[in-house]
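Q: This is the structure I have questions about; it appears just below.
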Amino acid sequence: MEPREFYIEDRLERYRTTAPCNLGESGIRNLTYGELLRRLEISSEELNAISLEDSPNRGDAVLREEIAKLYPGIRPEEVLTTTGTGEALYILFQLLCDRGSSVSYFSPAFQALYEIPKLCGARL
């Protein structure tokens with residue numbers, strides 16, 4: 001089964017540059033290199049010295065430690081961070097849904113809340 005087109009993405013893309021206030025996405029508007037340097041208040045040399053590295057699959061250890069502190073009895077090894085809602089929902093439904101599982105959701109809803117379970121073979 002192929003996933004349907006995610007309508008929210010099209011809408012966000014369509015209105016990204018014209019909306020006076022965009023609360024619907026987690027990205028940023030396009031920046032020039034110069035604007036980035038001004039906003040960060042660092043020099044070009046400082047920016048060029050920053051190492052861009054891949055993160056561990058389970059997420060940054062310090063972040064997981066801080067999250068675990070918020071939940072008594074949870075250890076950092078039990079915390080998994082994701083790169084967004086879509087990834088988190090995909091993992092959740094892969095773990096909880098078997099083919100034929102029943103999934104309930106409110107409508108209207110974030111499209112991934114019903115498209116991902118359908119891809120897993122769940123009944124809505």
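We name chains A, B, ... following the order of the structure tokens; residues begin at 1 in each chain, and ligands are numbered from 1 as shown.
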Which residues are near Glu115 (chain A)? Cut-off 12 Å, only C-alpha atoms, ignore same chain within fewer than 4 positions. Put them as a list in words.

A: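 That gives Met1, Glu2, Pro3, Arg4, Glu5, Phe6, Tyr7, Gly86, Leu89, Tyr90, Phe93, Val103, Ser104, Tyr105, Ala109, Phe110, Gln111, Leu119, Cys120, Gly121, Ala122, Arg123 and Leu124 of chain A.
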
Q: For the residues in that selection, give me N, CA and C atoms as an mmCIF file, in the first residue's frame.

A:
```cif
data_model
loop_
_atom_site.group_PDB
_atom_site.id
_atom_site.type_symbol
_atom_site.label_atom_id
_atom_site.label_comp_id
_atom_site.auth_asym_id
_atom_site.auth_seq_id
_atom_site.Cartn_x
_atom_site.Cartn_y
_atom_site.Cartn_z
ATOM 1 N N MET A 1 0.843 -1.172 0.000
ATOM 2 C CA MET A 1 0.000 0.000 0.000
ATOM 3 C C MET A 1 0.891 1.238 0.000
ATOM 4 N N GLU A 2 0.584 2.160 -0.874
ATOM 5 C CA GLU A 2 1.331 3.411 -0.964
ATOM 6 C C GLU A 2 0.690 4.458 -0.062
ATOM 7 N N PRO A 3 1.510 5.264 0.625
ATOM 8 C CA PRO A 3 0.921 6.329 1.448
ATOM 9 C C PRO A 3 0.308 7.399 0.555
ATOM 10 N N ARG A 4 -0.777 7.991 1.034
ATOM 11 C CA ARG A 4 -1.374 9.099 0.300
ATOM 12 C C ARG A 4 -0.503 10.331 0.463
ATOM 13 N N GLU A 5 -0.719 11.277 -0.420
ATOM 14 C CA GLU A 5 -0.017 12.550 -0.341
ATOM 15 C C GLU A 5 -0.357 13.224 0.990
ATOM 16 N N PHE A 6 0.651 13.810 1.643
ATOM 17 C CA PHE A 6 0.416 14.492 2.909
ATOM 18 C C PHE A 6 0.018 15.935 2.624
ATOM 19 N N TYR A 7 -1.273 16.206 2.788
ATOM 20 C CA TYR A 7 -1.840 17.494 2.400
ATOM 21 C C TYR A 7 -1.267 18.659 3.191
ATOM 22 N N GLY A 86 6.642 12.617 12.696
ATOM 23 C CA GLY A 86 6.439 11.515 11.753
ATOM 24 C C GLY A 86 7.257 10.294 12.113
ATOM 25 N N LEU A 89 5.805 8.722 15.362
ATOM 26 C CA LEU A 89 4.561 7.990 15.115
ATOM 27 C C LEU A 89 4.816 6.702 14.341
ATOM 28 N N TYR A 90 5.736 6.739 13.392
ATOM 29 C CA TYR A 90 6.062 5.530 12.628
ATOM 30 C C TYR A 90 6.579 4.436 13.569
ATOM 31 N N PHE A 93 3.615 3.146 15.885
ATOM 32 C CA PHE A 93 2.649 2.261 15.232
ATOM 33 C C PHE A 93 3.287 0.949 14.779
ATOM 34 N N VAL A 103 -7.492 0.859 15.210
ATOM 35 C CA VAL A 103 -6.941 2.137 15.661
ATOM 36 C C VAL A 103 -8.044 3.181 15.585
ATOM 37 N N SER A 104 -8.245 3.912 16.661
ATOM 38 C CA SER A 104 -9.219 5.007 16.698
ATOM 39 C C SER A 104 -8.470 6.329 16.673
ATOM 40 N N TYR A 105 -9.072 7.328 16.073
ATOM 41 C CA TYR A 105 -8.468 8.656 16.046
ATOM 42 C C TYR A 105 -9.572 9.701 15.939
ATOM 43 N N ALA A 109 -7.592 15.359 12.071
ATOM 44 C CA ALA A 109 -6.390 15.015 12.827
ATOM 45 C C ALA A 109 -5.164 15.190 11.949
ATOM 46 N N PHE A 110 -4.014 15.204 12.592
ATOM 47 C CA PHE A 110 -2.737 15.188 11.881
ATOM 48 C C PHE A 110 -2.738 13.945 11.001
ATOM 49 N N GLN A 111 -2.525 14.114 9.724
ATOM 50 C CA GLN A 111 -2.704 13.040 8.755
ATOM 51 C C GLN A 111 -1.908 11.783 9.083
ATOM 52 N N LEU A 119 -0.838 2.053 6.774
ATOM 53 C CA LEU A 119 0.314 1.424 6.128
ATOM 54 C C LEU A 119 0.780 0.187 6.886
ATOM 55 N N CYS A 120 0.513 0.168 8.188
ATOM 56 C CA CYS A 120 0.878 -0.992 9.019
ATOM 57 C C CYS A 120 -0.171 -2.102 8.935
ATOM 58 N N GLY A 121 -1.254 -1.866 8.200
ATOM 59 C CA GLY A 121 -2.291 -2.877 8.066
ATOM 60 C C GLY A 121 -3.393 -2.788 9.092
ATOM 61 N N ALA A 122 -3.440 -1.697 9.840
ATOM 62 C CA ALA A 122 -4.474 -1.536 10.871
ATOM 63 C C ALA A 122 -5.795 -1.112 10.239
ATOM 64 N N ARG A 123 -6.874 -1.396 10.949
ATOM 65 C CA ARG A 123 -8.210 -0.944 10.565
ATOM 66 C C ARG A 123 -8.509 0.325 11.347
ATOM 67 N N LEU A 124 -9.055 1.316 10.663
ATOM 68 C CA LEU A 124 -9.377 2.587 11.321
ATOM 69 C C LEU A 124 -10.847 2.628 11.680
#
```

Q: Any chance you could list, as number ranges by chain, the residues in chain A that come up helix (DSSP H, G or I) when DSSP is run on the backbone?

A: A: 7-15, 33-40, 44-48, 61-69, 76-78, 85-96, 112-119

Q: Write out as a ChimeraX atom specification the residues lying within 12 Å of Leu37 (chain A), counting only C-alpha atoms and excluding same-chain residues fewer than 5 positions away.

A: /A:31-32,42-48

Q: Since we have the selection now, will you write its residues out, keeping C-alpha atoms, as an mmCIF file, in the first residue's frame?

A:
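So the final result, stored in selection_37.cif, reads:
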```cif
data_model
loop_
_atom_site.group_PDB
_atom_site.id
_atom_site.type_symbol
_atom_site.label_atom_id
_atom_site.label_comp_id
_atom_site.auth_asym_id
_atom_site.auth_seq_id
_atom_site.Cartn_x
_atom_site.Cartn_y
_atom_site.Cartn_z
ATOM 1 C CA LEU A 31 18.670 32.699 5.381
ATOM 2 C CA THR A 32 21.753 33.978 3.657
ATOM 3 C CA ILE A 42 29.743 34.881 15.547
ATOM 4 C CA SER A 43 32.453 35.358 12.970
ATOM 5 C CA SER A 44 32.817 33.451 9.746
ATOM 6 C CA GLU A 45 35.912 31.768 11.200
ATOM 7 C CA GLU A 46 33.949 30.568 14.254
ATOM 8 C CA LEU A 47 31.182 29.165 12.065
ATOM 9 C CA ASN A 48 33.689 27.459 9.783
#
```

Q: Given only C-alpha atoms as the basis, pick out the residue of A:Pro108, A:Ala19, A:Ser101, A:Val79 nearest to Val62 (chain A).

A: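 Of A:Pro108, A:Ala19, A:Ser101, A:Val79, the one nearest Val62 (chain A) is A:Val79, counting only C-alpha atoms.
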
Q: May I ask for the distance between CA of Ile91 (chain A) and CA of Ile116 (chain A), given in Å to one decimal place?

A: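 CA of Ile116 (chain A) lies at a distance of 9.7 Å from CA of Ile91 (chain A).
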
Q: In terms of the shortest atom-to-atom distance over only C-alpha atoms, which of A:Ser107, A:Ala49, A:Arg16, A:Glu77 is closest to Ile28 (chain A)?

A: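 Looking only at the distances to Ile28 (chain A), the closest residue turns out to be A:Arg16.
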
Q: Which polymer residues have any atom within 8 Å of an atom of Leu80 (chain A), counting only C-alpha atoms, with same-chain residues fewer than 5 positions away left out, as a JSON list (two decimals) with C-alpha atoms, in the first residue's frame?

A:
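result.json written:
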```
[["chain", "number", "residue", "atom", "x", "y", "z"],
["A", 58, "ARG", "CA", 18.87, 6.86, 20.07],
["A", 59, "GLY", "CA", 19.54, 10.60, 20.36],
["A", 64, "ARG", "CA", 18.16, 11.69, 26.97]]
```

Q: Tell me, in Å to one decimal, how far CA of Cys97 (chain A) is from CA of Pro117 (chain A).

A: 7.0 Å

Q: Do you have the CA of Ala68 (chain A)-CA of Thr85 (chain A) distance handy?

A: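 Atom-to-atom, CA of Ala68 (chain A) and CA of Thr85 (chain A) are spaced 19.1 Å apart.
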
Q: Kindly indicate which residue among A:Lys69, A:Ala112, A:Tyr15, A:Leu52 lies nearest to Arg29 (chain A), using only C-alpha atoms for the distances.

A: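 Ranking A:Lys69, A:Ala112, A:Tyr15, A:Leu52 by distance to Arg29 (chain A), first place goes to A:Tyr15.
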
Q: Measuring atom to atom with only C-alpha atoms, identify which of A:Lys118, A:Leu40, A:Thr83, A:Pro72 is nearest to Pro56 (chain A).

A: A:Thr83
